[in-house]
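Chemist: Structure file target09.cif, mmCIF, C-alpha atoms and all ligand atoms, is pasted below:
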```cif
data_start
loop_
_atom_site.label_atom_id
_atom_site.label_comp_id
_atom_site.auth_asym_id
_atom_site.auth_seq_id
_atom_site.Cartn_x
_atom_site.Cartn_y
_atom_site.Cartn_z
CA MET K 192 -13.43 21.16 7.30
CA PRO K 193 -10.88 18.32 7.36
CA ASN K 194 -7.22 18.96 8.14
CA VAL K 195 -4.97 16.42 6.46
CA VAL K 196 -1.49 15.17 7.38
CA ILE K 197 0.31 13.31 4.60
CA LEU K 198 3.15 10.92 5.44
CA GLY K 199 5.17 10.43 2.24
CA SER K 200 3.94 13.56 0.48
CA THR K 201 6.75 13.52 -2.09
CA GLY K 202 6.01 10.01 -3.40
CA SER K 203 3.61 8.69 -6.02
CA ILE K 204 0.58 8.45 -3.69
CA GLY K 205 1.62 11.59 -1.77
CA THR K 206 1.78 13.83 -4.85
CA GLN K 207 -1.50 12.41 -6.15
CA THR K 208 -3.11 13.07 -2.76
CA LEU K 209 -2.05 16.70 -3.00
CA ASP K 210 -3.54 16.85 -6.48
CA VAL K 211 -6.82 15.49 -5.11
CA ILE K 212 -6.76 18.15 -2.37
CA ARG K 213 -6.17 20.87 -4.99
CA HIS K 214 -9.58 19.95 -6.39
CA LEU K 215 -11.41 19.31 -3.08
CA PRO K 216 -12.87 22.49 -1.65
CA GLY K 217 -12.41 22.87 2.11
CA TYR K 218 -9.66 20.30 2.65
CA THR K 219 -6.58 21.82 4.28
CA VAL K 220 -3.05 20.43 4.44
CA LEU K 221 -1.94 20.51 8.07
CA GLY K 222 1.33 18.61 7.80
CA LEU K 223 3.64 17.08 5.18
CA ALA K 224 6.33 14.45 5.74
CA ALA K 225 8.98 13.51 3.18
CA GLY K 226 11.96 11.19 3.20
CA SER K 227 14.77 12.96 1.35
CA ASN K 228 13.31 15.02 -1.51
CA LYS K 229 13.88 18.52 -0.17
CA LYS K 230 13.31 20.26 -3.48
CA LEU K 231 9.80 18.87 -3.89
CA LEU K 232 8.90 19.26 -0.21
CA ARG K 233 9.93 22.93 -0.45
CA LYS K 234 7.56 23.44 -3.41
CA GLN K 235 4.77 21.64 -1.56
CA ILE K 236 5.20 23.78 1.57
CA ALA K 237 5.15 26.94 -0.55
CA GLU K 238 1.92 25.87 -2.29
CA PHE K 239 -0.05 24.18 0.53
CA LYS K 240 1.22 26.20 3.53
CA PRO K 241 1.11 23.42 6.16
CA GLN K 242 1.49 24.21 9.87
CA PHE K 243 4.41 21.77 10.17
CA ALA K 244 6.51 19.41 8.06
CA SER K 245 9.16 16.73 8.36
CA ILE K 246 12.12 15.53 6.33
CA ASN K 247 14.55 12.78 7.21
CA CYS K 248 17.62 15.08 7.24
CA PRO K 249 18.40 17.58 10.04
CA GLU K 250 20.12 20.17 7.77
CA SER K 251 17.22 20.22 5.27
CA ALA K 252 14.74 20.45 8.15
CA LYS K 253 16.58 23.41 9.64
CA SER K 254 16.80 25.35 6.39
CA LEU K 255 13.12 24.73 5.49
CA SER K 256 12.05 25.72 8.99
CA GLU K 257 13.95 29.01 8.70
CA GLU K 258 12.63 29.72 5.22
CA PHE K 259 8.93 29.11 6.03
CA SER K 260 8.86 29.88 9.78
CA ILE K 261 7.13 26.59 10.64
CA PRO K 262 8.42 23.64 12.68
CA VAL K 263 10.15 21.14 10.38
CA TYR K 264 11.11 17.89 12.12
CA SER K 265 13.73 15.33 11.17
CA ASP K 266 13.34 12.66 13.85
CA PRO K 267 11.09 9.74 12.73
CA LEU K 268 9.54 9.73 16.24
CA GLN K 269 8.10 13.15 15.48
CA LEU K 270 5.93 11.63 12.73
CA GLU K 271 3.93 10.23 15.65
CA GLU K 272 3.53 13.74 17.08
CA MET K 273 2.45 15.11 13.71
CA VAL K 274 -0.31 12.54 13.24
CA SER K 275 -1.55 12.97 16.82
CA ASP K 276 -1.86 16.76 16.58
CA PRO K 277 -5.31 17.76 17.90
CA ARG K 278 -5.99 19.81 14.74
CA CYS K 279 -5.48 16.76 12.48
CA ASP K 280 -8.59 14.94 11.20
CA VAL K 281 -7.23 12.61 8.51
CA VAL K 282 -3.82 11.00 8.09
CA VAL K 283 -2.81 9.72 4.65
CA VAL K 284 -0.20 7.00 5.13
CA ALA K 285 1.75 7.01 1.87
CA VAL K 286 5.21 6.08 3.11
CA VAL K 287 6.53 2.78 1.84
CA GLY K 288 7.35 -0.25 3.95
CA ALA K 289 6.87 -1.45 7.51
CA MET K 290 8.37 1.82 8.80
CA GLY K 291 4.79 3.12 8.45
CA LEU K 292 3.52 0.90 11.26
CA LYS K 293 4.42 3.07 14.27
CA PRO K 294 3.02 6.37 12.96
CA THR K 295 -0.09 4.59 11.65
CA LEU K 296 -0.76 3.08 15.07
CA ALA K 297 -0.12 6.48 16.67
CA ALA K 298 -2.71 8.08 14.36
CA LEU K 299 -5.24 5.34 15.11
CA GLU K 300 -4.65 5.57 18.87
CA ALA K 301 -5.22 9.33 18.64
CA GLY K 302 -8.61 8.62 17.04
CA LYS K 303 -7.80 9.90 13.53
CA ARG K 304 -9.21 8.64 10.26
CA VAL K 305 -6.39 6.87 8.43
CA ALA K 306 -6.45 6.78 4.63
CA LEU K 307 -4.14 3.82 4.27
CA ALA K 308 -2.09 3.33 1.12
CA ASN K 309 0.74 1.54 2.88
CA LYS K 310 -0.10 -2.17 2.73
CA GLU K 311 3.11 -3.32 4.44
CA THR K 312 1.83 -1.99 7.79
CA LEU K 313 -1.22 -4.27 7.60
CA VAL K 314 0.91 -7.24 6.56
CA ALA K 315 3.23 -6.76 9.54
CA GLY K 316 0.75 -5.50 12.14
CA GLY K 317 -2.78 -6.16 10.91
CA HIS K 318 -3.79 -7.79 14.19
CA LEU K 319 -2.78 -4.63 16.11
CA MET K 320 -4.58 -2.30 13.72
CA MET K 321 -7.86 -4.15 13.57
CA LYS K 322 -9.09 -2.90 16.88
CA TYR K 323 -9.35 0.46 15.09
CA GLN K 324 -10.99 -1.03 11.98
CA SER K 325 -13.69 1.64 11.77
CA GLN K 326 -11.04 4.39 11.42
CA ILE K 327 -9.16 2.81 8.49
CA ILE K 328 -10.21 3.55 4.90
CA PRO K 329 -8.17 1.77 2.23
CA VAL K 330 -6.46 3.69 -0.58
CA ASP K 331 -5.13 0.64 -2.42
CA SER K 332 -7.30 0.52 -5.56
CA GLU K 333 -8.45 -3.10 -5.10
CA HIS K 334 -9.44 -2.59 -1.48
CA SER K 335 -11.10 0.72 -2.25
CA ALA K 336 -13.12 -1.13 -4.91
CA LEU K 337 -14.07 -3.76 -2.32
CA TRP K 338 -15.03 -0.95 0.06
CA HIS K 339 -17.53 0.16 -2.59
CA CYS K 340 -18.75 -3.42 -3.14
CA PHE K 341 -19.22 -4.07 0.59
CA TYR K 342 -20.96 -0.76 1.25
CA GLY K 343 -24.40 -1.27 2.81
CA ARG K 344 -24.29 -5.01 2.12
CA ASP K 345 -24.90 -7.70 4.71
CA ARG K 346 -21.59 -9.55 4.82
CA LYS K 347 -23.23 -12.90 5.44
CA HIS K 348 -24.38 -12.69 1.79
CA ILE K 349 -20.79 -12.45 0.52
CA ALA K 350 -19.18 -15.80 -0.35
CA LYS K 351 -15.76 -14.58 -1.45
CA ILE K 352 -13.50 -11.71 -2.40
CA ILE K 353 -11.93 -11.67 -5.87
CA LEU K 354 -8.92 -9.38 -6.15
CA THR K 355 -7.93 -8.39 -9.67
CA ALA K 356 -4.27 -8.19 -10.72
CA SER K 357 -2.90 -6.61 -13.89
CA GLY K 358 -0.26 -9.35 -14.12
CA GLY K 359 2.52 -6.73 -14.22
CA PRO K 360 5.16 -6.21 -16.93
CA PHE K 361 6.04 -9.93 -17.25
CA ARG K 362 2.61 -11.48 -17.73
CA THR K 363 3.32 -12.39 -21.34
CA TYR K 364 7.14 -12.34 -21.20
CA LYS K 365 8.69 -15.10 -23.28
CA GLY K 366 11.35 -17.22 -21.60
CA SER K 367 13.00 -17.14 -18.20
CA LEU K 368 12.71 -14.10 -15.92
CA GLU K 369 16.11 -14.80 -14.36
CA ASN K 370 18.02 -12.02 -16.09
CA VAL K 371 15.37 -9.33 -16.51
CA SER K 372 16.69 -5.86 -15.64
CA ALA K 373 15.39 -3.41 -13.04
CA LYS K 374 14.37 -1.12 -15.91
CA GLU K 375 12.18 -3.84 -17.44
CA ALA K 376 10.70 -4.74 -14.05
CA LEU K 377 9.90 -1.10 -13.24
CA ALA K 378 7.96 -0.61 -16.50
CA HIS K 379 4.42 -1.33 -15.29
CA PRO K 380 1.90 -1.46 -18.16
CA ASN K 381 -0.99 0.39 -16.44
CA TRP K 382 0.19 2.27 -13.35
CA ASP K 383 2.97 4.79 -12.66
CA MET K 384 4.02 3.99 -9.09
CA GLY K 385 6.97 4.14 -6.69
CA GLY K 386 9.90 1.76 -7.23
CA LYS K 387 9.16 -0.75 -4.48
CA ILE K 388 5.54 -1.42 -5.41
CA SER K 389 6.46 -1.57 -9.10
CA ILE K 390 8.90 -4.42 -8.43
CA ASP K 391 6.30 -6.06 -6.17
CA SER K 392 3.88 -5.88 -9.08
CA ALA K 393 6.42 -7.51 -11.39
CA THR K 394 6.94 -10.45 -8.96
CA MET K 395 3.23 -10.38 -8.01
CA MET K 396 4.26 -10.15 -4.36
CA ASN K 397 2.15 -6.98 -4.48
CA LYS K 398 -0.94 -9.13 -4.96
CA GLY K 399 0.20 -11.42 -2.18
CA LEU K 400 0.55 -8.46 0.19
CA GLU K 401 -2.89 -7.33 -0.96
CA VAL K 402 -4.41 -10.74 -0.13
CA ILE K 403 -3.13 -10.31 3.45
CA GLU K 404 -4.35 -6.69 3.41
CA ALA K 405 -7.84 -7.86 2.34
CA HIS K 406 -7.85 -10.58 5.01
CA TRP K 407 -7.44 -7.92 7.72
CA LEU K 408 -9.54 -5.12 6.24
CA PHE K 409 -12.56 -7.30 5.48
CA ASN K 410 -12.04 -10.01 8.09
CA PHE K 411 -12.23 -12.78 5.48
CA PRO K 412 -10.41 -16.14 5.71
CA TYR K 413 -7.69 -16.74 3.10
CA SER K 414 -9.68 -19.63 1.64
CA HIS K 415 -12.31 -17.07 0.61
CA ILE K 416 -9.94 -14.61 -1.07
CA GLU K 417 -9.04 -15.30 -4.70
CA VAL K 418 -6.90 -13.55 -7.29
CA VAL K 419 -7.68 -13.27 -10.99
CA VAL K 420 -5.51 -11.62 -13.63
CA HIS K 421 -7.25 -8.78 -15.45
CA PRO K 422 -4.73 -7.02 -17.72
CA GLU K 423 -6.87 -3.94 -18.48
CA SER K 424 -7.01 -2.77 -14.80
CA ILE K 425 -10.57 -1.47 -15.20
CA VAL K 426 -12.31 -3.88 -12.82
CA HIS K 427 -10.55 -3.02 -9.57
CA SER K 428 -11.94 -5.99 -7.61
CA MET K 429 -15.11 -7.99 -7.05
CA ILE K 430 -17.18 -9.87 -4.51
CA GLN K 431 -19.03 -13.07 -5.25
CA LEU K 432 -22.37 -13.51 -3.50
CA ASN K 433 -23.77 -16.75 -2.11
CA ASP K 434 -25.87 -17.29 -5.24
CA GLY K 435 -22.77 -17.12 -7.48
CA SER K 436 -23.45 -13.67 -8.93
CA VAL K 437 -20.67 -11.10 -8.86
CA ILE K 438 -20.54 -7.40 -7.91
CA ALA K 439 -17.59 -5.53 -9.42
CA HIS K 440 -16.23 -2.01 -9.09
CA LEU K 441 -14.97 -0.48 -12.33
CA GLY K 442 -13.11 2.77 -12.88
CA THR K 443 -10.38 4.54 -14.82
CA ALA K 444 -6.95 3.32 -13.69
CA ASP K 445 -6.09 6.48 -11.74
CA MET K 446 -5.13 6.37 -8.05
CA ARG K 447 -6.71 9.76 -7.46
CA LEU K 448 -10.12 8.02 -7.41
CA PRO K 449 -9.44 5.73 -4.43
CA ILE K 450 -7.44 8.48 -2.68
CA GLN K 451 -10.37 10.87 -2.98
CA TYR K 452 -12.85 8.26 -1.79
CA ALA K 453 -10.72 7.58 1.30
CA LEU K 454 -10.78 11.32 2.08
CA THR K 455 -14.47 11.96 1.44
CA TYR K 456 -16.00 8.58 2.46
CA PRO K 457 -18.92 8.01 2.78
CA ASP K 458 -19.48 10.93 0.38
CA ILE K 459 -18.74 10.47 -3.31
CA VAL K 460 -18.02 13.80 -5.00
CA SER K 461 -17.04 14.84 -8.54
CA SER K 462 -13.44 14.32 -9.58
CA PRO K 463 -11.10 15.65 -12.30
CA VAL K 464 -10.23 12.05 -13.26
CA GLU K 465 -11.30 10.97 -16.75
CA GLN K 466 -14.77 9.40 -16.62
CA LEU K 467 -14.87 5.71 -17.48
CA ASP K 468 -16.26 5.04 -20.96
CA LEU K 469 -16.59 1.29 -21.48
CA THR K 470 -17.16 1.69 -25.23
CA LYS K 471 -13.59 3.04 -25.43
CA VAL K 472 -12.22 0.20 -23.29
CA GLY K 473 -13.99 -2.36 -25.52
CA THR K 474 -12.77 -5.62 -24.04
CA LEU K 475 -12.31 -6.79 -20.46
CA SER K 476 -10.39 -10.05 -20.08
CA PHE K 477 -9.67 -12.38 -17.16
CA GLU K 478 -7.26 -15.28 -16.72
CA PRO K 479 -5.84 -17.39 -13.87
CA VAL K 480 -2.50 -16.52 -12.24
CA ASP K 481 0.55 -18.47 -13.42
CA LEU K 482 1.86 -19.52 -9.98
CA LYS K 483 4.93 -21.19 -11.50
CA ARG K 484 6.06 -17.90 -12.95
CA PHE K 485 4.97 -15.87 -9.89
CA PRO K 486 5.70 -17.99 -6.78
CA SER K 487 5.59 -14.89 -4.54
CA LEU K 488 1.79 -14.97 -4.51
CA GLU K 489 1.76 -18.48 -3.08
CA LEU K 490 4.38 -17.49 -0.48
CA ALA K 491 2.15 -14.67 0.74
CA TYR K 492 -0.86 -16.98 1.07
CA ARG K 493 1.33 -19.41 3.00
CA ALA K 494 2.65 -16.71 5.34
CA GLY K 495 -0.81 -15.21 5.84
CA GLN K 496 -2.30 -18.58 6.69
CA ALA K 497 0.57 -19.42 9.07
CA GLY K 498 0.12 -16.02 10.78
CA GLY K 499 2.26 -15.04 13.77
CA GLU K 500 5.82 -14.18 12.75
CA GLN K 501 5.67 -15.27 9.11
CA PRO K 502 3.91 -12.33 7.43
CA ILE K 503 6.29 -9.94 9.24
CA ALA K 504 9.30 -11.92 8.04
CA LEU K 505 7.87 -12.25 4.52
CA ASN K 506 7.41 -8.50 4.28
CA ALA K 507 10.80 -7.55 5.75
CA ALA K 508 12.67 -10.07 3.58
CA ASN K 509 10.78 -8.85 0.54
CA GLU K 510 11.66 -5.20 1.25
CA GLU K 511 15.34 -6.19 1.51
CA ALA K 512 15.14 -8.38 -1.60
CA VAL K 513 13.54 -5.63 -3.70
CA ALA K 514 16.16 -3.09 -2.58
CA ALA K 515 18.92 -5.60 -3.44
CA PHE K 516 17.38 -6.29 -6.86
CA LEU K 517 17.16 -2.56 -7.61
CA THR K 518 20.86 -2.12 -6.78
CA GLY K 519 21.93 -5.12 -8.84
CA LYS K 520 22.79 -7.42 -5.91
CA LEU K 521 20.08 -9.96 -6.61
CA LYS K 522 18.54 -11.50 -9.71
CA PHE K 523 14.81 -11.10 -10.24
CA THR K 524 14.07 -14.78 -9.66
CA GLN K 525 16.09 -14.72 -6.42
CA ILE K 526 13.54 -12.36 -4.83
CA PRO K 527 11.01 -15.12 -3.98
CA GLU K 528 13.85 -17.55 -3.23
CA LEU K 529 15.22 -15.21 -0.59
CA VAL K 530 11.78 -14.44 0.84
CA GLU K 531 10.99 -18.14 1.22
CA LYS K 532 14.35 -18.95 2.83
CA VAL K 533 14.00 -16.16 5.42
CA MET K 534 10.32 -16.67 6.08
CA GLU K 535 10.77 -20.37 6.83
CA THR K 536 13.12 -19.55 9.69
CA PHE K 537 10.28 -17.77 11.53
CA GLN K 538 7.78 -20.22 12.97
CA GLY K 539 6.34 -18.37 16.00
CA LYS K 540 2.55 -18.61 15.95
CA SER K 541 1.29 -16.15 18.55
CA PHE K 542 0.20 -12.57 17.81
CA PRO K 543 3.30 -10.42 18.46
CA THR K 544 3.25 -7.06 20.25
CA LEU K 545 4.48 -3.92 18.48
CA GLU K 546 7.95 -4.30 20.06
CA GLN K 547 8.09 -7.95 19.02
CA ILE K 548 7.02 -7.04 15.46
CA LEU K 549 9.85 -4.51 15.22
CA ASP K 550 12.32 -7.13 16.53
CA ILE K 551 11.12 -9.80 14.08
CA ASP K 552 11.29 -7.24 11.26
CA SER K 553 14.92 -6.33 12.15
CA GLU K 554 15.98 -9.95 12.58
CA ALA K 555 14.41 -10.93 9.23
CA ARG K 556 16.28 -8.07 7.54
CA ILE K 557 19.57 -9.24 9.08
CA ARG K 558 18.96 -12.80 7.84
CA ALA K 559 18.00 -11.49 4.40
CA ARG K 560 21.16 -9.37 4.15
CA GLU K 561 23.29 -12.34 5.22
CA TRP K 562 21.72 -14.40 2.43
CA ILE K 563 22.32 -11.61 -0.09
CA GLY K 564 25.84 -10.89 1.16
P1 LIG D 1 7.03 6.14 -3.29
O1 LIG D 1 8.33 5.44 -3.22
O2 LIG D 1 6.68 6.85 -4.55
O3 LIG D 1 6.90 7.18 -2.10
C1 LIG D 1 7.30 6.89 -0.78
C2 LIG D 1 7.19 8.15 0.05
O4 LIG D 1 7.67 7.88 1.37
C3 LIG D 1 8.06 9.29 -0.48
O5 LIG D 1 7.38 10.51 -0.24
C4 LIG D 1 9.29 9.21 0.41
O6 LIG D 1 10.00 10.44 0.51
C5 LIG D 1 8.61 8.89 1.71
N1 LIG D 1 9.51 8.43 2.75
C6 LIG D 1 10.50 7.51 2.66
N2 LIG D 1 11.13 7.39 3.85
C7 LIG D 1 10.50 8.25 4.70
C8 LIG D 1 10.68 8.61 6.07
N3 LIG D 1 11.63 8.03 6.81
N4 LIG D 1 9.86 9.54 6.61
C9 LIG D 1 8.88 10.12 5.88
N5 LIG D 1 8.67 9.84 4.57
C10 LIG D 1 9.48 8.90 4.01
O7 LIG D 1 5.93 5.05 -2.93
P2 LIG D 1 4.41 4.96 -3.44
O8 LIG D 1 3.75 6.28 -3.30
O9 LIG D 1 4.36 4.25 -4.72
O10 LIG D 1 3.81 3.94 -2.37
C11 LIG D 1 3.53 4.33 -1.03
C12 LIG D 1 2.74 3.20 -0.37
O11 LIG D 1 1.48 3.10 -1.01
C13 LIG D 1 3.40 1.82 -0.51
O12 LIG D 1 3.17 1.09 0.65
C14 LIG D 1 2.66 1.20 -1.68
O13 LIG D 1 2.61 -0.20 -1.61
C15 LIG D 1 1.27 1.80 -1.52
N6 LIG D 1 0.51 1.89 -2.78
C16 LIG D 1 0.99 2.64 -3.81
C17 LIG D 1 0.28 2.74 -5.01
C18 LIG D 1 0.77 3.61 -6.13
O14 LIG D 1 0.05 3.75 -7.12
N7 LIG D 1 1.92 4.23 -6.05
C19 LIG D 1 -0.96 1.98 -5.19
C20 LIG D 1 -1.39 1.27 -4.03
C21 LIG D 1 -0.67 1.22 -2.87
P3 LIG D 1 11.16 10.92 -0.50
O15 LIG D 1 10.71 10.62 -1.87
O16 LIG D 1 11.20 12.40 -0.18
O17 LIG D 1 12.41 10.22 -0.10
MG MG D 2 -3.28 -2.34 -5.40
#
```
Please express the file's structure as structure tokens.
Ligand code: NDP
Ligand code: MG
Modeler:
Amino acid sequence: MPNVVILGSTGSIGTQTLDVIRHLPGYTVLGLAAGSNKKLLRKQIAEFKPQFASINCPESAKSLSEEFSIPVYSDPLQLEEMVSDPRCDVVVVAVVGAMGLKPTLAALEAGKRVALANKETLVAGGHLMMKYQSQIIPVDSEHSALWHCFYGRDRKHIAKIILTASGGPFRTYKGSLENVSAKEALAHPNWDMGGKISIDSATMMNKGLEVIEAHWLFNFPYSHIEVVVHPESIVHSMIQLNDGSVIAHLGTADMRLPIQYALTYPDIVSSPVEQLDLTKVGTLSFEPVDLKRFPSLELAYRAGQAGGEQPIALNAANEEAVAAFLTGKLKFTQIPELVEKVMETFQGKSFPTLEQILDIDSEARIRAREWIG
């Protein structure tokens, strides 16, 4: 029966993963890793009784280790040990940002199944991860939907991928987005998610990162990946076949569905999530993306197509820009401005090694902070 290690257990995806495991007979939590939320990690250790845990603070790690008599680490390098543990079968990567890249690669190198929520790792290091393609199962709802659509299908019959996007909180906003507040940007209409991805959804950089994610996961060229706005978030993505017909995956907007599928794949088992009833949904609507309002999407296509250093710089600059927006140091409309400025200073074309990725990431963050400062 599968032993699961969850990186980012105290976040939105992490807590929902634990809820899925509560309802999945036979799945055992082997390890839990949090950033700083000691109170919640303590509750999770008490309930799920992992063999080890991690928290990014030595004092908290020491006190939890004494209380539960299990190893509790605080050094980020030990995340790599946790995911490589011989007892581990599945690693759920639910930390946010490119910091997930090293432990994800460690899990893949150790031969584990990786249920991947963290899209930033694929944006920064997709070319390194693809040699382990068969071990990666996407958790992101769009890519999970595509996983369903691709299942058992000959890929030469698939003409293009169509990612759906809710359009975020500002799809129908009247006027300029320049002075919107963090509170307004965090208020996603359909999904309750962590702060960083909520802001990415408001700028639509989230969809841009997902285009790059789809490029790597499904090995499709950017010219064959499209985005369509679908405000109801019921169709989670689609593929168009050579004859023009479309296969879509529909489901209740609840991340526990794709999380569960990534754990049980290729099995599909019952779930506590509300069953989809299309007569209650009534209408499904689709519209093109307003690229003037959401320039981040175009930036991501540009970086993805350029390849090499640009997607790494795009992602790092965006992480810095979102953090600066959330702390009031940047206006909403300056997020794509900053990303474009930083990204354009990185023109290297070759596929970087892990060390080079980490260097480009740090350098892009320095340039982004200089711009902000
Ligand atoms: P959250 O911000 O809610 O959670 C992030 C998690 O990472 C928290 O548990 C946090 O711990 C933990 N963390 C932060 N730093 C460290 C560290 N150094 N070591 C270990 N853990 C750390 O993010 P989400 O759950 O929303 O998103 C996670 C990833 O999944 C992102 O890449 C996002 O894009 C992707 N995703 C999320 C979706 C969603 O619905 N939320 C949907 C699709 C994809 P703590 O809170 O204790 O500090
Ligand atoms: Mg998504």
Chemist: At a cut-off of 8 Å, using all atoms listed in the file, what residues contact Glu423 (chain K)? Leave out same-chain residues fewer than 6 positions from it and give the result as an MDAnalysis selection string.
Modeler: chainID K and resid 357 381 475:476
Chemist: Mind dumping the selected residues with C-alpha atoms as a short mmCIF file (atom, residue, chain, number, x, y, z; two decimals), in the frame of the given file?
Modeler:
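The file below, out_11.cif, is the result:
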```cif
data_model
loop_
_atom_site.label_atom_id
_atom_site.label_comp_id
_atom_site.auth_asym_id
_atom_site.auth_seq_id
_atom_site.Cartn_x
_atom_site.Cartn_y
_atom_site.Cartn_z
CA SER K 357 -2.90 -6.61 -13.89
CA ASN K 381 -0.99 0.39 -16.44
CA LEU K 475 -12.31 -6.79 -20.46
CA SER K 476 -10.39 -10.05 -20.08
#
```
Chemist: Go ahead and compute the interatomic distance for CA of Ala224 (chain K) and CA of Ser389 (chain K), in Å to one decimal.
Modeler: 21.8 Å
Chemist: Box for ligand LIG 1 (chain D): with edges along x, y and z, all listed atoms inside and 6 Å added on each side, what are the centre and edge lengths in Å to one decimal, as lines of an AutoDock Vina configuration file?
Modeler:
```
center_x = 5.5
center_y = 6.1
center_z = -0.2
size_x = 25.8
size_y = 24.6
size_z = 25.9
```
Chemist: Looking at all atoms listed in the file, which of K:Val274, K:Cys340, K:Met384, K:Leu292 is the one that sits closest to ligand LIG 1 (chain D)?
Modeler: K:Met384
Chemist: With only C-alpha atoms as the counted atoms, please give the residues lying no more than 8 Å from region 514-521 of chain K, apart from itself and same-chain residues fewer than 3 positions off, as a PyMOL selection string.
Modeler: chain K and resi 373+387+510-511+525-526+563
Chemist: Under the rule that only C-alpha atoms are counted, which of K:Ala315, K:Ile438, K:Ala336, K:Leu215 is the nearest residue to Glu500 (chain K)?
Modeler: K:Ala315
Chemist: Which is closest to ligand LIG 1 (chain D) among K:Gly316, K:Pro267, K:Pro241, K:Pro457, if we use all atoms listed in the file?
Modeler: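 The closest residue to ligand LIG 1 (chain D) is K:Pro267.
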Chemist: Kindly indicate which residue among K:Gly199, K:Gly495, K:Gly317, K:Pro479 lies nearest to Gly358 (chain K), using only C-alpha atoms for the distances.
Modeler: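 Ranked by minimum distance to Gly358 (chain K), first place goes to K:Pro479.
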Chemist: Residues within 6 Å of ligand MG 2 (chain D) (only C-alpha atoms and all ligand atoms), as a PyMOL selection string?
Modeler: chain K and resi 331-333
Chemist: Can you pull out every residue within 10 Å of Asn370 (chain K), counting only C-alpha atoms, but drop anything in the same chain fewer than 4 positions away, and send it as a PDB file with C-alpha atoms, in the coordinates of the input?
Modeler:
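Everything below was put into selection_25.pdb:
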```pdb
ATOM      1  CA  LEU K 521      20.080  -9.960  -6.610  1.00  0.00           C
ATOM      2  CA  LYS K 522      18.540 -11.500  -9.710  1.00  0.00           C
ATOM      3  CA  PHE K 523      14.810 -11.100 -10.240  1.00  0.00           C
ATOM      4  CA  THR K 524      14.070 -14.780  -9.660  1.00  0.00           C
TER       5      THR K 524
END
```
Chemist: Separation of atom O14 of ligand LIG 1 (chain D) and CA of Thr206 (chain K), in Å?
Modeler: 10.5 Å
Chemist: Report, in Å with one decimal, the straight-line distance from CA of Arg493 (chain K) to atom O9 of ligand LIG 1 (chain D).
Modeler: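 Separation between CA of Arg493 (chain K) and atom O9 of ligand LIG 1 (chain D): 25.1 Å.
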Chemist: With only C-alpha atoms as the counted atoms, please give the residues lying no more than 9 Å from Phe542 (chain K), apart from itself and same-chain residues fewer than 4 positions off, as a ChimeraX atom specification.
Modeler: /K:318-319,498-500
Chemist: What's around Met534 (chain K) at 12 Å? Count all atoms listed in the file, leave out sequence neighbours fewer than 6 positions away in its own chain, and write the answer as a list in words.
Modeler: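 The neighbour list is Ser487, Leu490, Ala491, Arg493, Ala494, Gly495, Ala497, Gly498, Gly499, Glu500, Gln501, Pro502, Ile503, Ala504, Leu505, Asn506, Ala507, Ala508, Asn509, Pro527, Glu528, Ile551, Asp552, Glu554, Ala555, Arg556, Arg558 and Ala559 of chain K.
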Chemist: Show me a table, sorted first by chain and then by increasing residue number, of the residues of chain K having an atom at most 6 Å from ligand LIG 1 (chain D), each with its shortest atom pair and the distance in Å to one decimal, counting all atoms listed in the file and written as a tab-separated table.
Modeler:
```
residue	atom	partner	partner_atom	distance
K:Leu198	CA	D:LIG1	N5	5.7
K:Gly199	CA	D:LIG1	O5	3.3
K:Ser200	CA	D:LIG1	O5	4.7
K:Thr201	CA	D:LIG1	O5	3.6
K:Gly202	CA	D:LIG1	O3	3.2
K:Ser203	CA	D:LIG1	O8	3.6
K:Ile204	CA	D:LIG1	O8	3.9
K:Gly205	CA	D:LIG1	O8	5.9
K:Ala224	CA	D:LIG1	C9	5.0
K:Ala225	CA	D:LIG1	N5	3.9
K:Gly226	CA	D:LIG1	O6	3.4
K:Ser227	CA	D:LIG1	O17	3.9
K:Asn228	CA	D:LIG1	O16	3.6
K:Asn247	CA	D:LIG1	N3	5.6
K:Ala285	CA	D:LIG1	C11	4.3
K:Val286	CA	D:LIG1	O4	3.5
K:Val287	CA	D:LIG1	O12	3.9
K:Gly288	CA	D:LIG1	O12	5.5
K:Ala308	CA	D:LIG1	O11	4.2
K:Asn309	CA	D:LIG1	O12	3.3
K:Lys310	CA	D:LIG1	O12	5.1
K:Glu311	CA	D:LIG1	O12	5.8
K:Asp331	CA	D:LIG1	C20	4.1
K:Met384	CA	D:LIG1	N7	3.7
K:Gly385	CA	D:LIG1	O9	3.3
K:Gly386	CA	D:LIG1	O1	5.7
K:Ile388	CA	D:LIG1	O13	5.0
K:Met446	CA	D:LIG1	O14	5.9
```
Chemist: Rank nothing, just name the residue among K:Pro249, K:Pro422, K:Pro193, K:Pro294 nearest to Pro277 (chain K), using all atoms listed in the file.
Modeler: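 Using all atoms listed in the file, the shortest distance to Pro277 (chain K) belongs to K:Pro193.
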Chemist: From the set K:Val196, K:Ile328, K:Leu432, K:Val371, which residue has the shortest atom-to-atom contact distance to Asp345 (chain K), counting all atoms listed in the file?
Modeler: K:Leu432
